[in-house]
file upload_18.pdb (PDB, C-alpha atoms and all ligand atoms)
ATOM      1  CA  MET A   1      60.066  21.526 -60.233
ATOM      2  CA  ASN A   2      63.808  21.499 -60.068
ATOM      3  CA  HIS A   3      64.967  19.023 -62.697
ATOM      4  CA  ALA A   4      68.464  18.423 -61.353
ATOM      5  CA  LEU A   5      70.862  15.614 -62.099
ATOM      6  CA  ILE A   6      69.896  13.021 -59.469
ATOM      7  CA  PRO A   7      73.089  11.767 -57.807
ATOM      8  CA  LEU A   8      73.953   8.134 -58.429
ATOM      9  CA  ALA A   9      73.598   6.044 -55.265
ATOM     10  CA  TYR A  10      76.823   4.174 -56.098
ATOM     11  CA  ASP A  11      80.199   4.797 -57.714
ATOM     12  CA  PHE A  12      80.786   4.449 -61.449
ATOM     13  CA  ASN A  13      82.795   1.281 -60.799
ATOM     14  CA  ALA A  14      80.254  -0.275 -58.412
ATOM     15  CA  LEU A  15      78.637  -2.412 -61.110
ATOM     16  CA  GLU A  16      81.906  -3.931 -62.342
ATOM     17  CA  PRO A  17      82.475  -6.371 -63.947
ATOM     18  CA  HIS A  18      78.919  -6.438 -65.316
ATOM     19  CA  ILE A  19      78.710  -2.771 -66.331
ATOM     20  CA  ASP A  20      82.119  -1.118 -66.638
ATOM     21  CA  ALA A  21      83.030   2.179 -64.972
ATOM     22  CA  LYS A  22      83.835   4.017 -68.207
ATOM     23  CA  THR A  23      80.447   3.185 -69.736
ATOM     24  CA  MET A  24      78.722   4.276 -66.524
ATOM     25  CA  GLU A  25      80.642   7.554 -66.417
ATOM     26  CA  ILE A  26      79.973   8.509 -70.037
ATOM     27  CA  HIS A  27      76.377   7.308 -69.911
ATOM     28  CA  TYR A  28      75.571   9.281 -66.759
ATOM     29  CA  THR A  29      77.646  12.448 -67.195
ATOM     30  CA  LYS A  30      77.176  12.861 -70.957
ATOM     31  CA  HIS A  31      74.143  11.053 -72.391
ATOM     32  CA  HIS A  32      71.855  11.389 -69.374
ATOM     33  CA  LYS A  33      72.921  14.964 -68.688
ATOM     34  CA  THR A  34      72.228  15.957 -72.299
ATOM     35  CA  TYR A  35      68.651  14.661 -72.013
ATOM     36  CA  LEU A  36      68.247  16.613 -68.784
ATOM     37  CA  ASP A  37      69.725  19.854 -70.161
ATOM     38  CA  ASN A  38      67.647  19.774 -73.342
ATOM     39  CA  PHE A  39      64.472  18.998 -71.423
ATOM     40  CA  VAL A  40      65.095  21.814 -68.941
ATOM     41  CA  SER A  41      65.845  24.347 -71.668
ATOM     42  CA  VAL A  42      62.553  23.659 -73.445
ATOM     43  CA  ILE A  43      60.463  23.513 -70.245
ATOM     44  CA  GLU A  44      61.809  26.935 -69.265
ATOM     45  CA  LYS A  45      59.774  28.452 -72.096
ATOM     46  CA  TYR A  46      56.495  27.408 -70.445
ATOM     47  CA  PRO A  47      55.853  28.855 -66.951
ATOM     48  CA  GLU A  48      52.762  26.640 -66.543
ATOM     49  CA  LEU A  49      54.960  23.539 -66.785
ATOM     50  CA  GLN A  50      57.471  24.639 -64.154
ATOM     51  CA  GLU A  51      55.747  22.881 -61.251
ATOM     52  CA  LYS A  52      55.084  19.622 -63.093
ATOM     53  CA  SER A  53      57.264  16.552 -62.818
ATOM     54  CA  ALA A  54      58.778  15.194 -66.024
ATOM     55  CA  GLU A  55      56.570  12.105 -65.575
ATOM     56  CA  ASP A  56      53.425  14.258 -65.439
ATOM     57  CA  ILE A  57      54.502  16.217 -68.499
ATOM     58  CA  LEU A  58      54.943  12.970 -70.452
ATOM     59  CA  ARG A  59      51.571  11.605 -69.277
ATOM     60  CA  SER A  60      49.775  14.683 -70.579
ATOM     61  CA  LEU A  61      52.116  15.483 -73.466
ATOM     62  CA  SER A  62      49.612  15.046 -76.312
ATOM     63  CA  SER A  63      47.212  17.576 -74.771
ATOM     64  CA  LEU A  64      49.733  20.271 -73.753
ATOM     65  CA  THR A  65      49.531  23.619 -75.521
ATOM     66  CA  VAL A  66      53.107  23.833 -76.763
ATOM     67  CA  GLU A  67      54.874  24.284 -80.082
ATOM     68  CA  GLU A  68      55.124  21.002 -81.983
ATOM     69  CA  SER A  69      58.915  21.190 -82.153
ATOM     70  CA  ASP A  70      58.983  21.645 -78.358
ATOM     71  CA  ARG A  71      56.579  18.735 -77.864
ATOM     72  CA  LYS A  72      59.060  16.559 -79.793
ATOM     73  CA  ILE A  73      61.924  17.711 -77.548
ATOM     74  CA  MET A  74      59.849  16.987 -74.424
ATOM     75  CA  HIS A  75      58.989  13.555 -75.865
ATOM     76  CA  ASN A  76      62.592  12.606 -76.645
ATOM     77  CA  HIS A  77      64.546  14.356 -73.889
ATOM     78  CA  GLY A  78      61.920  14.165 -71.134
ATOM     79  CA  GLY A  79      61.706  10.468 -71.987
ATOM     80  CA  GLY A  80      65.494  10.192 -71.869
ATOM     81  CA  LEU A  81      65.508  11.885 -68.477
ATOM     82  CA  VAL A  82      62.886   9.720 -66.735
ATOM     83  CA  ASN A  83      64.035   6.505 -68.451
ATOM     84  CA  HIS A  84      67.589   6.949 -67.203
ATOM     85  CA  ASN A  85      66.498   7.981 -63.706
ATOM     86  CA  LEU A  86      64.658   4.656 -63.437
ATOM     87  CA  TYR A  87      67.562   2.715 -64.965
ATOM     88  CA  TRP A  88      70.108   4.060 -62.438
ATOM     89  CA  SER A  89      67.775   3.573 -59.483
ATOM     90  CA  THR A  90      67.002  -0.073 -60.259
ATOM     91  CA  MET A  91      70.665  -1.066 -60.554
ATOM     92  CA  GLY A  92      73.219  -1.326 -57.795
ATOM     93  CA  PRO A  93      75.887  -3.468 -56.163
ATOM     94  CA  ASN A  94      73.459  -4.859 -53.536
ATOM     95  CA  LYS A  95      70.144  -6.639 -54.012
ATOM     96  CA  LYS A  96      67.036  -5.008 -52.505
ATOM     97  CA  ILE A  97      64.504  -7.611 -53.550
ATOM     98  CA  ASP A  98      60.907  -6.423 -53.804
ATOM     99  CA  THR A  99      59.133  -9.578 -52.655
ATOM    100  CA  SER A 100      55.617  -8.403 -53.478
ATOM    101  CA  LEU A 101      56.726  -7.547 -57.018
ATOM    102  CA  VAL A 102      58.354 -10.970 -57.353
ATOM    103  CA  LEU A 103      55.091 -12.665 -56.273
ATOM    104  CA  GLU A 104      53.102 -10.605 -58.764
ATOM    105  CA  ILE A 105      55.567 -11.429 -61.544
ATOM    106  CA  GLU A 106      55.312 -15.151 -60.703
ATOM    107  CA  LYS A 107      51.528 -14.910 -60.859
ATOM    108  CA  THR A 108      51.525 -13.000 -64.158
ATOM    109  CA  PHE A 109      54.347 -14.723 -66.044
ATOM    110  CA  GLY A 110      54.358 -18.202 -64.426
ATOM    111  CA  SER A 111      57.777 -17.867 -62.808
ATOM    112  CA  LEU A 112      60.545 -15.344 -62.319
ATOM    113  CA  ASP A 113      62.704 -17.249 -64.798
ATOM    114  CA  SER A 114      60.034 -17.232 -67.467
ATOM    115  CA  PHE A 115      59.524 -13.486 -66.947
ATOM    116  CA  LYS A 116      63.275 -12.878 -67.277
ATOM    117  CA  GLN A 117      63.351 -14.955 -70.461
ATOM    118  CA  THR A 118      60.427 -13.010 -71.964
ATOM    119  CA  PHE A 119      61.965  -9.671 -70.993
ATOM    120  CA  SER A 120      65.438 -10.644 -72.260
ATOM    121  CA  GLU A 121      64.059 -11.813 -75.610
ATOM    122  CA  CYS A 122      62.138  -8.560 -75.935
ATOM    123  CA  ALA A 123      65.346  -6.583 -75.275
ATOM    124  CA  LEU A 124      67.395  -8.758 -77.620
ATOM    125  CA  LYS A 125      64.938  -8.613 -80.517
ATOM    126  CA  HIS A 126      64.269  -4.881 -80.295
ATOM    127  CA  PHE A 127      65.597  -3.475 -83.566
ATOM    128  CA  GLY A 128      67.838  -0.442 -83.187
ATOM    129  CA  SER A 129      67.875   1.949 -80.253
ATOM    130  CA  GLY A 130      65.287   1.718 -77.535
ATOM    131  CA  TRP A 131      64.305   0.112 -74.257
ATOM    132  CA  ALA A 132      62.695  -3.068 -72.978
ATOM    133  CA  TRP A 133      60.086  -2.393 -70.314
ATOM    134  CA  LEU A 134      58.249  -3.988 -67.449
ATOM    135  CA  ALA A 135      55.356  -1.603 -66.875
ATOM    136  CA  ARG A 136      51.874  -1.397 -65.412
ATOM    137  CA  ASN A 137      49.029  -0.568 -67.748
ATOM    138  CA  GLU A 138      45.975   1.491 -66.773
ATOM    139  CA  GLN A 139      44.339  -1.674 -65.359
ATOM    140  CA  ASN A 140      47.388  -2.084 -63.090
ATOM    141  CA  GLU A 141      48.453  -5.234 -64.964
ATOM    142  CA  LEU A 142      52.121  -6.040 -65.548
ATOM    143  CA  MET A 143      53.251  -6.004 -69.177
ATOM    144  CA  VAL A 144      56.509  -6.539 -71.060
ATOM    145  CA  TYR A 145      57.183  -4.659 -74.286
ATOM    146  CA  SER A 146      59.839  -2.589 -75.997
ATOM    147  CA  LEU A 147      59.645   0.995 -77.198
ATOM    148  CA  PRO A 148      61.892   2.794 -79.705
ATOM    149  CA  ASN A 149      64.338   5.603 -78.965
ATOM    150  CA  GLN A 150      63.599   7.339 -75.638
ATOM    151  CA  ASP A 151      59.842   6.726 -75.718
ATOM    152  CA  SER A 152      58.575   6.358 -72.168
ATOM    153  CA  PRO A 153      55.728   4.115 -70.942
ATOM    154  CA  TYR A 154      54.322   7.320 -69.364
ATOM    155  CA  LEU A 155      53.425   8.442 -72.911
ATOM    156  CA  LYS A 156      50.957   5.508 -72.938
ATOM    157  CA  ASN A 157      49.813   6.394 -69.418
ATOM    158  CA  HIS A 158      51.620   3.275 -68.186
ATOM    159  CA  THR A 159      53.949   3.237 -65.187
ATOM    160  CA  PRO A 160      57.416   1.789 -65.829
ATOM    161  CA  ILE A 161      58.852  -0.508 -63.152
ATOM    162  CA  LEU A 162      61.999  -1.786 -64.814
ATOM    163  CA  GLY A 163      63.667  -0.579 -68.005
ATOM    164  CA  LEU A 164      66.651  -1.941 -69.893
ATOM    165  CA  ASP A 165      68.486   0.539 -72.091
ATOM    166  CA  VAL A 166      69.509  -1.202 -75.328
ATOM    167  CA  TRP A 167      70.992   1.841 -77.026
ATOM    168  CA  GLU A 168      74.535   0.940 -78.046
ATOM    169  CA  HIS A 169      75.840   3.732 -75.783
ATOM    170  CA  ALA A 170      74.725   1.555 -72.826
ATOM    171  CA  TYR A 171      77.003  -1.373 -73.687
ATOM    172  CA  TYR A 172      79.209  -0.869 -76.752
ATOM    173  CA  LEU A 173      82.515  -0.114 -74.965
ATOM    174  CA  LYS A 174      82.503  -3.439 -73.124
ATOM    175  CA  TYR A 175      80.202  -5.661 -75.175
ATOM    176  CA  GLN A 176      80.431  -4.222 -78.729
ATOM    177  CA  ASN A 177      77.806  -6.014 -80.835
ATOM    178  CA  LYS A 178      77.077  -8.652 -78.160
ATOM    179  CA  ARG A 179      73.821  -7.262 -76.821
ATOM    180  CA  ALA A 180      72.858 -10.692 -75.424
ATOM    181  CA  ASP A 181      75.906 -10.673 -73.130
ATOM    182  CA  TYR A 182      75.037  -7.199 -71.864
ATOM    183  CA  ILE A 183      71.473  -8.334 -71.106
ATOM    184  CA  THR A 184      72.727 -11.358 -69.162
ATOM    185  CA  ALA A 185      75.160  -9.144 -67.222
ATOM    186  CA  TRP A 186      72.490  -6.527 -66.497
ATOM    187  CA  TRP A 187      70.346  -9.015 -64.567
ATOM    188  CA  GLU A 188      73.264  -9.370 -62.137
ATOM    189  CA  VAL A 189      72.995  -5.705 -61.128
ATOM    190  CA  VAL A 190      69.202  -5.333 -61.055
ATOM    191  CA  THR A 191      68.391  -4.842 -57.387
ATOM    192  CA  LEU A 192      64.597  -5.449 -57.342
ATOM    193  CA  LEU A 193      64.515  -9.091 -58.489
TER     194      LEU A 193
HETATM  195 MN    MN B   1      71.076   5.492 -72.289
END

call {"tool": "encode", "arguments": {"input": "upload_18.pdb", "output": "structure tokens"}}
result
Amino acid sequence: MNHALIPLAYDFNALEPHIDAKTMEIHYTKHHKTYLDNFVSVIEKYPELQEKSAEDILRSLSSLTVEESDRKIMHNHGGGLVNHNLYWSTMGPNKKIDTSLVLEIEKTFGSLDSFKQTFSECALKHFGSGWAWLARNEQNELMVYSLPNQDSPYLKNHTPILGLDVWEHAYYLKYQNKRADYITAWWEVVTLL
């Protein structure tokens, strides 16, 4: 498995004014790349992991035969890698609405607006660094929850569908302490809904 930096499908300034170009550039070229580099350097020590995707490694992380310090790096930096890959791919300047997902959300949460409110509150109330998630559990049901740091839903054997990065590095340059404003702006650049 070649864990390369996946190219962004849009320019750093494509999400302006909602997400500013400087934040995008630093977030993608520095933060995201650091997660990738650290993950790759630890995976290189284990030939049996070379062919596995980062998602598969996270799903089976607790049962892998690896040094505990390396398991922690895979947890944090593998999580950082897959979380950011999803984040970039679900944002963009043009909507690409997933109508079947919207219908399922309406069925599960009552309405799209009530889902967005639940998700936004989850992101707003999450204490410290972490992510708000829309994910599928093992019964294929949609769930909203937050996880700390770079923990990935794959660690719970869930499949993430939408993730909102609420680390300060995702919004501090433009929004400072106003996480609520960042959350409101982020919905404008989510392509799926
Ligand atoms: Mn981030």

call {"tool": "closest_residue", "arguments": {"input": "upload_18.pdb", "among": "A:Ala170, A:Ile26, A:Ser114, A:His75", "to": "Glu55 in chain A", "atoms": "all atoms listed in the file"}}
result
A:His75

call {"tool": "atom_distance", "arguments": {"input": "upload_18.pdb", "atom1": "CA of Trp187 in chain A", "atom2": "CA of Ala132 in chain A"}}
result
12.8 Å

call {"tool": "residues_around", "arguments": {"input": "upload_18.pdb", "residues": "Leu61 in chain A", "least_positions_apart": "3", "cutoff": "8 Å", "atoms": "all atoms listed in the file", "output": "NGL selection string"}}
result
:A and (57-58 or 64 or 71 or 74-75 or 155)

call {"tool": "resolve_selection", "arguments": {"input": "upload_18.pdb", "expression": "the PyMOL selection byres (((not hetatm)) within 9 of (chain B and resi 1))", "output": "list in words"}}
result
His27, Tyr28, His31, His32, Gly80, Asn83, His84, Tyr87, Gly130, Trp131, Gln150, Leu164, Asp165, Val166, Trp167, Glu168, His169 and Ala170 of chain A

call {"tool": "write_last_selection", "arguments": {"input": "upload_18.pdb", "atoms": "C-alpha atoms", "output": "PDB file, keeping the file's coordinate frame"}}
result
ATOM      1  CA  HIS A  27      76.377   7.308 -69.911  1.00  0.00           C
ATOM      2  CA  TYR A  28      75.571   9.281 -66.759  1.00  0.00           C
ATOM      3  CA  HIS A  31      74.143  11.053 -72.391  1.00  0.00           C
ATOM      4  CA  HIS A  32      71.855  11.389 -69.374  1.00  0.00           C
ATOM      5  CA  GLY A  80      65.494  10.192 -71.869  1.00  0.00           C
ATOM      6  CA  ASN A  83      64.035   6.505 -68.451  1.00  0.00           C
ATOM      7  CA  HIS A  84      67.589   6.949 -67.203  1.00  0.00           C
ATOM      8  CA  TYR A  87      67.562   2.715 -64.965  1.00  0.00           C
ATOM      9  CA  GLY A 130      65.287   1.718 -77.535  1.00  0.00           C
ATOM     10  CA  TRP A 131      64.305   0.112 -74.257  1.00  0.00           C
ATOM     11  CA  GLN A 150      63.599   7.339 -75.638  1.00  0.00           C
ATOM     12  CA  LEU A 164      66.651  -1.941 -69.893  1.00  0.00           C
ATOM     13  CA  ASP A 165      68.486   0.539 -72.091  1.00  0.00           C
ATOM     14  CA  VAL A 166      69.509  -1.202 -75.328  1.00  0.00           C
ATOM     15  CA  TRP A 167      70.992   1.841 -77.026  1.00  0.00           C
ATOM     16  CA  GLU A 168      74.535   0.940 -78.046  1.00  0.00           C
ATOM     17  CA  HIS A 169      75.840   3.732 -75.783  1.00  0.00           C
ATOM     18  CA  ALA A 170      74.725   1.555 -72.826  1.00  0.00           C
TER      19      ALA A 170
END

call {"tool": "residues_around", "arguments": {"input": "upload_18.pdb", "residues": "Lys156 in chain A", "least_positions_apart": "3", "cutoff": "9 Å", "atoms": "all atoms listed in the file", "output": "PDB file with C-alpha atoms, in the frame of the given file"}}
result
ATOM      1  CA  LEU A  58      54.943  12.970 -70.452  1.00  0.00           C
ATOM      2  CA  ARG A  59      51.571  11.605 -69.277  1.00  0.00           C
ATOM      3  CA  ASN A 137      49.029  -0.568 -67.748  1.00  0.00           C
ATOM      4  CA  GLU A 138      45.975   1.491 -66.773  1.00  0.00           C
ATOM      5  CA  SER A 152      58.575   6.358 -72.168  1.00  0.00           C
ATOM      6  CA  PRO A 153      55.728   4.115 -70.942  1.00  0.00           C
ATOM      7  CA  THR A 159      53.949   3.237 -65.187  1.00  0.00           C
TER       8      THR A 159
END

call {"tool": "resolve_selection", "arguments": {"input": "upload_18.pdb", "expression": "the PyMOL selection byres (((chain A and resi 97) around 6) and not hetatm)", "output": "list in words"}}
result
Lys95, Lys96, Asp98, Thr99, Leu192 and Leu193 of chain A

call {"tool": "atom_distance", "arguments": {"input": "upload_18.pdb", "atom1": "CA of Ala14 in chain A", "atom2": "CA of Ser129 in chain A"}}
result
25.2 Å

call {"tool": "residues_around", "arguments": {"input": "upload_18.pdb", "residues": "range 116-119 of chain A", "least_positions_apart": "2", "cutoff": "8 Å", "atoms": "only C-alpha atoms", "output": "list in words"}}
result
Leu112, Asp113, Ser114, Glu121, Cys122, Ala123, Ala132, Trp133, Leu134, Val144 and Tyr145 of chain A

call {"tool": "atom_distance", "arguments": {"input": "upload_18.pdb", "atom1": "CA of Ile6 in chain A", "atom2": "CA of Lys33 in chain A"}}
result
9.9 Å

call {"tool": "closest_residue", "arguments": {"input": "upload_18.pdb", "among": "A:Phe115, A:Trp186, A:Phe39, A:Tyr175", "to": "Leu15 in chain A", "atoms": "only C-alpha atoms"}}
result
A:Trp186

call {"tool": "residues_around", "arguments": {"input": "upload_18.pdb", "residues": "Ser41 in chain A", "least_positions_apart": "2", "cutoff": "12 Å", "atoms": "only C-alpha atoms", "output": "VMD selection string"}}
result
chain A and resid 3 34 to 39 43 to 47 49 to 50 70 73 to 74 77 to 78

call {"tool": "closest_residue", "arguments": {"input": "upload_18.pdb", "among": "A:Gly128, A:Tyr154, A:Leu103, A:Asn2", "to": "Glu51 in chain A", "atoms": "only C-alpha atoms"}}
result
A:Asn2

call {"tool": "residues_around", "arguments": {"input": "upload_18.pdb", "residues": "Asp151 in chain A", "least_positions_apart": "4", "cutoff": "7 Å", "atoms": "only C-alpha atoms", "output": "NGL selection string"}}
result
:A and (75-76 or 79 or 147)

call {"tool": "write_last_selection", "arguments": {"input": "upload_18.pdb", "atoms": "C-alpha atoms", "output": "PDB file, in the coordinates of the input"}}
result
ATOM      1  CA  HIS A  75      58.989  13.555 -75.865  1.00  0.00           C
ATOM      2  CA  ASN A  76      62.592  12.606 -76.645  1.00  0.00           C
ATOM      3  CA  GLY A  79      61.706  10.468 -71.987  1.00  0.00           C
ATOM      4  CA  LEU A 147      59.645   0.995 -77.198  1.00  0.00           C
TER       5      LEU A 147
END

call {"tool": "closest_residue", "arguments": {"input": "upload_18.pdb", "among": "A:Gly92, A:Leu5, A:Thr65, A:Glu25", "to": "Glu188 in chain A", "atoms": "only C-alpha atoms"}}
result
A:Gly92

call {"tool": "closest_residue", "arguments": {"input": "upload_18.pdb", "among": "A:Thr191, A:Asn157, A:Ser120, A:Ser69", "to": "Asp56 in chain A", "atoms": "all atoms listed in the file"}}
result
A:Asn157

call {"tool": "resolve_selection", "arguments": {"input": "upload_18.pdb", "expression": "the PyMOL selection byres (((chain A and resi 142) around 10) and not hetatm)", "output": "PyMOL selection string"}}
result
chain A and resi 101+104-105+108-109+133-141+143-144+158-161

call {"tool": "closest_residue", "arguments": {"input": "upload_18.pdb", "among": "A:Ala180, A:Ala54, A:Val189, A:Leu8", "to": "Trp88 in chain A", "atoms": "all atoms listed in the file"}}
result
A:Leu8

call {"tool": "build_atoms", "arguments": {"input": "upload_18.pdb", "residues": "range 104-120 of chain A", "atoms": "N, CA, C and O atoms", "output": "short mmCIF file (atom, residue, chain, number, x, y, z; two decimals), in the frame of the given file"}}
result
data_model
loop_
_atom_site.label_atom_id
_atom_site.label_comp_id
_atom_site.auth_asym_id
_atom_site.auth_seq_id
_atom_site.Cartn_x
_atom_site.Cartn_y
_atom_site.Cartn_z
N GLU A 104 54.00 -11.03 -57.68
CA GLU A 104 53.10 -10.60 -58.76
C GLU A 104 53.63 -11.05 -60.13
O GLU A 104 52.87 -11.46 -61.00
N ILE A 105 54.94 -10.96 -60.30
CA ILE A 105 55.57 -11.43 -61.54
C ILE A 105 55.34 -12.93 -61.71
O ILE A 105 54.99 -13.40 -62.80
N GLU A 106 55.51 -13.69 -60.63
CA GLU A 106 55.31 -15.15 -60.70
C GLU A 106 53.88 -15.48 -61.10
O GLU A 106 53.62 -16.39 -61.88
N LYS A 107 52.94 -14.69 -60.56
CA LYS A 107 51.53 -14.91 -60.86
C LYS A 107 51.22 -14.56 -62.32
O LYS A 107 50.47 -15.25 -63.00
N THR A 108 51.82 -13.48 -62.81
CA THR A 108 51.52 -13.00 -64.16
C THR A 108 52.24 -13.79 -65.24
O THR A 108 51.67 -14.09 -66.29
N PHE A 109 53.51 -14.12 -65.00
CA PHE A 109 54.35 -14.72 -66.04
C PHE A 109 54.66 -16.19 -65.78
O PHE A 109 55.42 -16.80 -66.53
N GLY A 110 54.13 -16.78 -64.72
CA GLY A 110 54.36 -18.20 -64.43
C GLY A 110 55.50 -18.43 -63.47
O GLY A 110 55.36 -19.17 -62.51
N SER A 111 56.62 -17.78 -63.71
CA SER A 111 57.78 -17.87 -62.81
C SER A 111 58.69 -16.68 -63.09
O SER A 111 58.58 -16.04 -64.14
N LEU A 112 59.59 -16.44 -62.14
CA LEU A 112 60.54 -15.34 -62.32
C LEU A 112 61.45 -15.63 -63.53
O LEU A 112 61.73 -14.74 -64.32
N ASP A 113 61.84 -16.89 -63.67
CA ASP A 113 62.70 -17.25 -64.80
C ASP A 113 62.00 -17.04 -66.14
O ASP A 113 62.61 -16.55 -67.09
N SER A 114 60.72 -17.40 -66.19
CA SER A 114 60.03 -17.23 -67.47
C SER A 114 59.82 -15.75 -67.78
O SER A 114 59.90 -15.33 -68.93
N PHE A 115 59.59 -14.94 -66.74
CA PHE A 115 59.52 -13.49 -66.95
C PHE A 115 60.86 -12.96 -67.49
O PHE A 115 60.89 -12.20 -68.47
N LYS A 116 61.95 -13.37 -66.85
CA LYS A 116 63.28 -12.88 -67.28
C LYS A 116 63.57 -13.28 -68.72
O LYS A 116 64.15 -12.50 -69.49
N GLN A 117 63.14 -14.49 -69.09
CA GLN A 117 63.35 -14.96 -70.46
C GLN A 117 62.55 -14.11 -71.45
O GLN A 117 63.06 -13.68 -72.49
N THR A 118 61.29 -13.84 -71.11
CA THR A 118 60.43 -13.01 -71.96
C THR A 118 61.01 -11.61 -72.12
O THR A 118 61.09 -11.06 -73.22
N PHE A 119 61.42 -11.03 -71.00
CA PHE A 119 61.96 -9.67 -70.99
C PHE A 119 63.28 -9.62 -71.80
O PHE A 119 63.49 -8.71 -72.61
N SER A 120 64.14 -10.61 -71.58
CA SER A 120 65.44 -10.64 -72.26
C SER A 120 65.26 -10.79 -73.77
O SER A 120 65.96 -10.14 -74.55
#
